[in-house]
Amino acid sequence: MTAESNTSPAEIRFSELLDRAMHVWRQRQGEEGVFSLALPLVGLDPLTQLPLLESPDPFRFLWDGAPGLSLAAAGRCHHLDLAGPRRFELAQRFSDATLARVLDGNPEAPAQARSRILLAFSFFEQSGEQQPAGGTPSVQAVLPRWQLSCHGRQGWLRLHGVVNQSSDVRSLAETLWLMAERLQQNPSGQRKPGISTVSGTTIPGAWEQRYAPTLRRGIELVNDGELHKLVLAVRQSIQLEAPLDPLPLLDRLRQQQAGSCRFLWQRHRDDSFFGASPERLLSLRNGQLRSDALAGTAGRNEQAISLLRSDKDRREHELVVQAITEHLRAQGLQPRRPRRPQLARHGQLVHLHTPITAAAPDQQPLTLAGALHPTPAVAGLPRREAMTWLRSLEPFERGGYAAPIGWIDSAGDAELRVAIRCGHARGRQLDLTAGAGLVRGSVAERELQEVGLKLTVLADQLELRPQLHCT
């Protein structure tokens, strides 16, 4: 069986799977460690199959770039939770060391089927003392137990497990085989008809009233020249009548936010961080880097073309483009960019978008991510001063909001998105977060409108929109 084979899983005998696994095991002279096996599966949707990927560990992950790569993962074979400095460097070391120790029983499998380290960062780097109880670690890195990937109709199911002897290899092959049979017997997974309404009430204190004074102070800082740009966020909390299942929502976002990448990071059953990000921090494929500058926002019902004519939005956008290209040059790269931004439509919103590319052979993706995060699209300029003001002015911890989330694979390819257009559900509380970029000439009323537009992207899917505004 090769990566180009059209052999269906039903035509592969268990004896073939086991023989291959034992052959690889013997070639490595019975090396102890993490063993990985994979099977091709056709026509399965990782989003709907995720509930079937049972594991004693409650961790679940979804990366839904359909019609591109879609990936569901469950359980943790190895993981790292880290607080403190040098988190990008240490996460890169963990990823490299962990993937190097994986003994792959299917080295011929295509790129989509490679073993992956899943990554979720917090926005701020923080020490263990700074991290609030139950808060988001500075970085979480996971080699999952189960990994179901799909690109088009072709999919692969992969299992990672610790092996010490040949009987462990056989047990791993049997477990993979039984799970593949289970998924094939349930090709629709556990698809639900979709959520109609999520019932809940807004925690008292309308967001506009809380945000306006902070917004005015931010505008003063940029108008006085202390900052070139500042991106101030607001959080709206909703008390739910029942815990939220994020998968039906993500299924709906697939239809309504088709240009974005849907994601889920579920630490346990009652803690789900999810969203539909339109912004690529970086992707690295075969030594080619791409990053997206995304700044300047309007509603689709407005005259979106006005973004291209808006001096304020064009200046805000160009600050982001210049910062990304400068950070990449500081890493020894030669970034390329179009002369003018494009319009990118994502659901109800339209953004100014400039793709930035560069040849990046032999570059470590998390070194580049550490140089790029946070971009001025989600923090401000100068970066250090803006971060200090964000800690002072925002009355909440950002957690994973506007932070990198994504994966690195065994070949060194990677993709990290900026976790915006997101929600964080903890038990019966749902937090929605959105921000607006302030530059000289920003008008408070317009920035309030922009934040309101962004908050409704997810709230509309939950039918909670009327509760997000002042009465």
# chains A, B, ... in the order shown; residues from 1 in each chain; ligands from 1

call {"tool": "closest_atom_pairs", "arguments": {"of": "range 335-452 of chain A", "to": "range 287-302 of chain A", "cutoff": "8 Å", "atoms": "only C-alpha atoms", "output": "JSON lines"}}
result
{"residue": "A:Arg345", "atom": "CA", "partner": "A:Arg300", "partner_atom": "CA", "distance": 7.7}
{"residue": "A:Gln348", "atom": "CA", "partner": "A:Arg300", "partner_atom": "CA", "distance": 5.4}
{"residue": "A:Leu349", "atom": "CA", "partner": "A:Gly299", "partner_atom": "CA", "distance": 4.7}
{"residue": "A:Val350", "atom": "CA", "partner": "A:Ala298", "partner_atom": "CA", "distance": 5.3}
{"residue": "A:His351", "atom": "CA", "partner": "A:Thr297", "partner_atom": "CA", "distance": 4.6}
{"residue": "A:Leu352", "atom": "CA", "partner": "A:Gly296", "partner_atom": "CA", "distance": 5.3}
{"residue": "A:His353", "atom": "CA", "partner": "A:Leu294", "partner_atom": "CA", "distance": 4.7}
{"residue": "A:Thr354", "atom": "CA", "partner": "A:Ala293", "partner_atom": "CA", "distance": 5.1}
{"residue": "A:Pro355", "atom": "CA", "partner": "A:Asp292", "partner_atom": "CA", "distance": 4.7}
{"residue": "A:Ile356", "atom": "CA", "partner": "A:Ser291", "partner_atom": "CA", "distance": 5.1}
{"residue": "A:Thr357", "atom": "CA", "partner": "A:Arg290", "partner_atom": "CA", "distance": 4.4}
{"residue": "A:Ala358", "atom": "CA", "partner": "A:Leu289", "partner_atom": "CA", "distance": 5.2}
{"residue": "A:Ala359", "atom": "CA", "partner": "A:Gln288", "partner_atom": "CA", "distance": 4.8}
{"residue": "A:Ala360", "atom": "CA", "partner": "A:Gly287", "partner_atom": "CA", "distance": 4.9}
{"residue": "A:Pro361", "atom": "CA", "partner": "A:Gly287", "partner_atom": "CA", "distance": 4.4}
{"residue": "A:Asp362", "atom": "CA", "partner": "A:Gly287", "partner_atom": "CA", "distance": 6.9}
{"residue": "A:Gln363", "atom": "CA", "partner": "A:Gly287", "partner_atom": "CA", "distance": 7.5}
{"residue": "A:Ala377", "atom": "CA", "partner": "A:Ala295", "partner_atom": "CA", "distance": 5.7}
{"residue": "A:Asp413", "atom": "CA", "partner": "A:Gly287", "partner_atom": "CA", "distance": 7.8}
{"residue": "A:Gly437", "atom": "CA", "partner": "A:Ala295", "partner_atom": "CA", "distance": 7.8}
{"residue": "A:Glu450", "atom": "CA", "partner": "A:Thr297", "partner_atom": "CA", "distance": 7.0}

call {"tool": "write_last_selection", "arguments": {"atoms": "C-alpha atoms", "output": "compact mmCIF listing (two decimals), in the first residue's frame"}}
result
# COMPACT_ATOMS: atom_id res chain seq x y z
CA ARG A 345 -14.83 38.40 2.89
CA GLN A 348 -20.61 39.01 7.79
CA LEU A 349 -17.33 40.93 7.74
CA VAL A 350 -14.97 42.27 5.08
CA HIS A 351 -11.28 42.98 5.80
CA LEU A 352 -8.29 44.52 4.09
CA HIS A 353 -5.91 41.63 3.42
CA THR A 354 -2.31 41.46 2.24
CA PRO A 355 -0.62 38.04 1.88
CA ILE A 356 3.10 38.10 2.69
CA THR A 357 5.35 35.28 1.42
CA ALA A 358 9.01 34.31 1.73
CA ALA A 359 11.36 31.43 1.06
CA ALA A 360 12.18 30.00 4.50
CA PRO A 361 14.35 26.89 4.12
CA ASP A 362 15.60 25.35 7.35
CA GLN A 363 13.56 27.76 9.46
CA ALA A 377 -3.43 43.56 14.05
CA ASP A 413 5.55 21.89 8.03
CA GLY A 437 -7.59 48.81 16.05
CA GLU A 450 -16.77 47.65 14.54

call {"tool": "residues_around", "arguments": {"residues": "range 185-189 of chain A", "least_positions_apart": "3", "cutoff": "8 Å", "atoms": "only C-alpha atoms", "output": "PyMOL selection string"}}
result
chain A and resi 43-45+48-52+181-182

call {"tool": "select_by_dssp", "arguments": {"residues": "range 64-255 of chain A", "states": "strand (DSSP E or B)", "output": "PyMOL selection string"}}
result
chain A and resi 64+69-82+102-104+116-121+139-151+154-163+200-202+229-240

call {"tool": "closest_atom_pairs", "arguments": {"of": "range 40-114 of chain A", "to": "range 416-419 of chain A", "cutoff": "12 Å", "atoms": "only C-alpha atoms", "output": "CSV"}}
result
residue,atom,partner,partner_atom,distance
A:Trp63,CA,A:Arg417,CA,10.1
A:Asp64,CA,A:Arg417,CA,11.6
A:Gly65,CA,A:Arg417,CA,11.0

call {"tool": "write_last_selection", "arguments": {"atoms": "C-alpha atoms", "output": "PDB file, in the first residue's frame"}}
result
ATOM      1  CA  TRP A  63      -8.807  22.023  12.811  1.00  0.00           C
ATOM      2  CA  ASP A  64     -11.334  22.478  10.039  1.00  0.00           C
ATOM      3  CA  GLY A  65      -9.968  24.126   6.926  1.00  0.00           C
TER       4      GLY A  65
END

call {"tool": "closest_atom_pairs", "arguments": {"of": "range 395-420 of chain A", "to": "range 102-123 of chain A", "cutoff": "8 Å", "atoms": "only C-alpha atoms", "output": "JSON lines"}}
result
{"residue": "A:Arg398", "atom": "CA", "partner": "A:Phe123", "partner_atom": "CA", "distance": 6.3}
{"residue": "A:Gly399", "atom": "CA", "partner": "A:Ser122", "partner_atom": "CA", "distance": 5.0}
{"residue": "A:Gly400", "atom": "CA", "partner": "A:Ser122", "partner_atom": "CA", "distance": 4.4}
{"residue": "A:Tyr401", "atom": "CA", "partner": "A:Phe123", "partner_atom": "CA", "distance": 6.4}
{"residue": "A:Ala402", "atom": "CA", "partner": "A:Phe123", "partner_atom": "CA", "distance": 6.2}
{"residue": "A:Ala403", "atom": "CA", "partner": "A:Phe123", "partner_atom": "CA", "distance": 4.5}
{"residue": "A:Pro404", "atom": "CA", "partner": "A:Phe121", "partner_atom": "CA", "distance": 5.5}
{"residue": "A:Ile405", "atom": "CA", "partner": "A:Ala120", "partner_atom": "CA", "distance": 4.4}
{"residue": "A:Gly406", "atom": "CA", "partner": "A:Leu119", "partner_atom": "CA", "distance": 5.2}
{"residue": "A:Trp407", "atom": "CA", "partner": "A:Leu118", "partner_atom": "CA", "distance": 4.4}
{"residue": "A:Ile408", "atom": "CA", "partner": "A:Ile117", "partner_atom": "CA", "distance": 5.3}
{"residue": "A:Asp409", "atom": "CA", "partner": "A:Arg116", "partner_atom": "CA", "distance": 4.2}
{"residue": "A:Ser410", "atom": "CA", "partner": "A:Ser115", "partner_atom": "CA", "distance": 5.7}
{"residue": "A:Ala411", "atom": "CA", "partner": "A:Arg114", "partner_atom": "CA", "distance": 7.8}

call {"tool": "residues_around", "arguments": {"residues": "His268 in chain A", "least_positions_apart": "5", "cutoff": "10 Å", "atoms": "only C-alpha atoms", "output": "VMD selection string"}}
result
chain A and resid 57 to 60 426

call {"tool": "write_last_selection", "arguments": {"atoms": "N, CA and C atoms", "output": "PDB file, in the first residue's frame"}}
result
ATOM      1  N   ASP A  57      -8.414  10.059  28.087  1.00  0.00           N
ATOM      2  CA  ASP A  57      -8.064  11.465  28.280  1.00  0.00           C
ATOM      3  C   ASP A  57      -9.124  12.324  27.596  1.00  0.00           C
ATOM      4  N   PRO A  58      -9.665  13.362  28.265  1.00  0.00           N
ATOM      5  CA  PRO A  58     -10.789  14.121  27.696  1.00  0.00           C
ATOM      6  C   PRO A  58     -10.406  15.123  26.620  1.00  0.00           C
ATOM      7  N   PHE A  59      -9.123  15.309  26.342  1.00  0.00           N
ATOM      8  CA  PHE A  59      -8.692  16.324  25.378  1.00  0.00           C
ATOM      9  C   PHE A  59      -9.274  16.046  23.990  1.00  0.00           C
ATOM     10  N   ARG A  60      -9.770  17.135  23.341  1.00  0.00           N
ATOM     11  CA  ARG A  60     -10.243  17.053  21.950  1.00  0.00           C
ATOM     12  C   ARG A  60      -9.775  18.290  21.192  1.00  0.00           C
ATOM     13  N   ARG A 426     -16.858  27.807  29.532  1.00  0.00           N
ATOM     14  CA  ARG A 426     -16.460  27.094  30.740  1.00  0.00           C
ATOM     15  C   ARG A 426     -17.729  26.784  31.516  1.00  0.00           C
TER      16      ARG A 426
END

call {"tool": "residues_around", "arguments": {"residues": "Gln92 in chain A", "least_positions_apart": "2", "cutoff": "9 Å", "atoms": "only C-alpha atoms", "output": "ChimeraX atom specification"}}
result
/A:87-90,94-97,364-367,408

call {"tool": "closest_residue", "arguments": {"among": "A:Ile238, A:Leu53, A:Ala38, A:Ala371", "to": "Asp431 in chain A", "atoms": "only C-alpha atoms"}}
result
A:Ile238

call {"tool": "residues_around", "arguments": {"residues": "Leu71 in chain A", "least_positions_apart": "4", "cutoff": "6 Å", "atoms": "only C-alpha atoms", "output": "list in words"}}
result
Pro46, Leu62, Trp63, Leu148 and Ser149 of chain A

call {"tool": "write_last_selection", "arguments": {"atoms": "C-alpha atoms", "output": "PDB file, in the first residue's frame"}}
result
ATOM      1  CA  PRO A  46     -13.396  14.677  10.987  1.00  0.00           C
ATOM      2  CA  LEU A  62     -10.487  20.225  15.715  1.00  0.00           C
ATOM      3  CA  TRP A  63      -8.807  22.023  12.811  1.00  0.00           C
ATOM      4  CA  LEU A 148      -8.269  11.668  11.893  1.00  0.00           C
ATOM      5  CA  SER A 149      -7.296  13.817   8.913  1.00  0.00           C
TER       6      SER A 149
END

call {"tool": "closest_residue", "arguments": {"among": "A:Ala344, A:Leu183, A:Leu143, A:Val443", "to": "Ala258 in chain A", "atoms": "only C-alpha atoms"}}
result
A:Ala344

call {"tool": "closest_residue", "arguments": {"among": "A:Gly218, A:Pro67, A:Val231, A:Leu281", "to": "His151 in chain A", "atoms": "only C-alpha atoms"}}
result
A:Pro67

call {"tool": "select_by_dssp", "arguments": {"residues": "range 306-376 of chain A", "states": "alpha helix (DSSP H)", "output": "PyMOL selection string"}}
result
chain A and resi 306-309+311-330+365-372

call {"tool": "residues_around", "arguments": {"residues": "range 378-392 of chain A", "least_positions_apart": "4", "cutoff": "8 Å", "atoms": "only C-alpha atoms", "output": "MDAnalysis selection string"}}
result
chainID A and resid 227:232 374 402 435 437

call {"tool": "atom_distance", "arguments": {"atom1": "CA of Leu247 in chain A", "atom2": "CA of Leu284 in chain A"}}
result
27.6 Å

call {"tool": "residues_around", "arguments": {"residues": "Gln429 in chain A", "least_positions_apart": "6", "cutoff": "9 Å", "atoms": "only C-alpha atoms", "output": "ChimeraX atom specification"}}
result
/A:200,237-241,243-244

call {"tool": "decode", "arguments": {"residues": "range 249-263 of chain A", "atoms": "C-alpha atoms", "output": "PDB file, in the first residue's frame"}}
result
ATOM      1  CA  LEU A 249     -21.816  25.491  16.115  1.00  0.00           C
ATOM      2  CA  LEU A 250     -18.574  24.729  14.280  1.00  0.00           C
ATOM      3  CA  ASP A 251     -20.566  22.749  11.706  1.00  0.00           C
ATOM      4  CA  ARG A 252     -22.707  25.820  11.113  1.00  0.00           C
ATOM      5  CA  LEU A 253     -19.640  28.077  10.944  1.00  0.00           C
ATOM      6  CA  ARG A 254     -18.306  25.831   8.181  1.00  0.00           C
ATOM      7  CA  GLN A 255     -21.260  26.949   6.069  1.00  0.00           C
ATOM      8  CA  GLN A 256     -21.278  30.611   7.094  1.00  0.00           C
ATOM      9  CA  GLN A 257     -17.526  31.257   7.567  1.00  0.00           C
ATOM     10  CA  ALA A 258     -16.236  29.168   4.670  1.00  0.00           C
ATOM     11  CA  GLY A 259     -13.151  31.333   4.126  1.00  0.00           C
ATOM     12  CA  SER A 260     -11.993  30.945   7.717  1.00  0.00           C
ATOM     13  CA  CYS A 261     -10.383  28.038   9.577  1.00  0.00           C
ATOM     14  CA  ARG A 262     -12.627  26.627  12.292  1.00  0.00           C
ATOM     15  CA  PHE A 263     -10.873  25.414  15.427  1.00  0.00           C
TER      16      PHE A 263
END
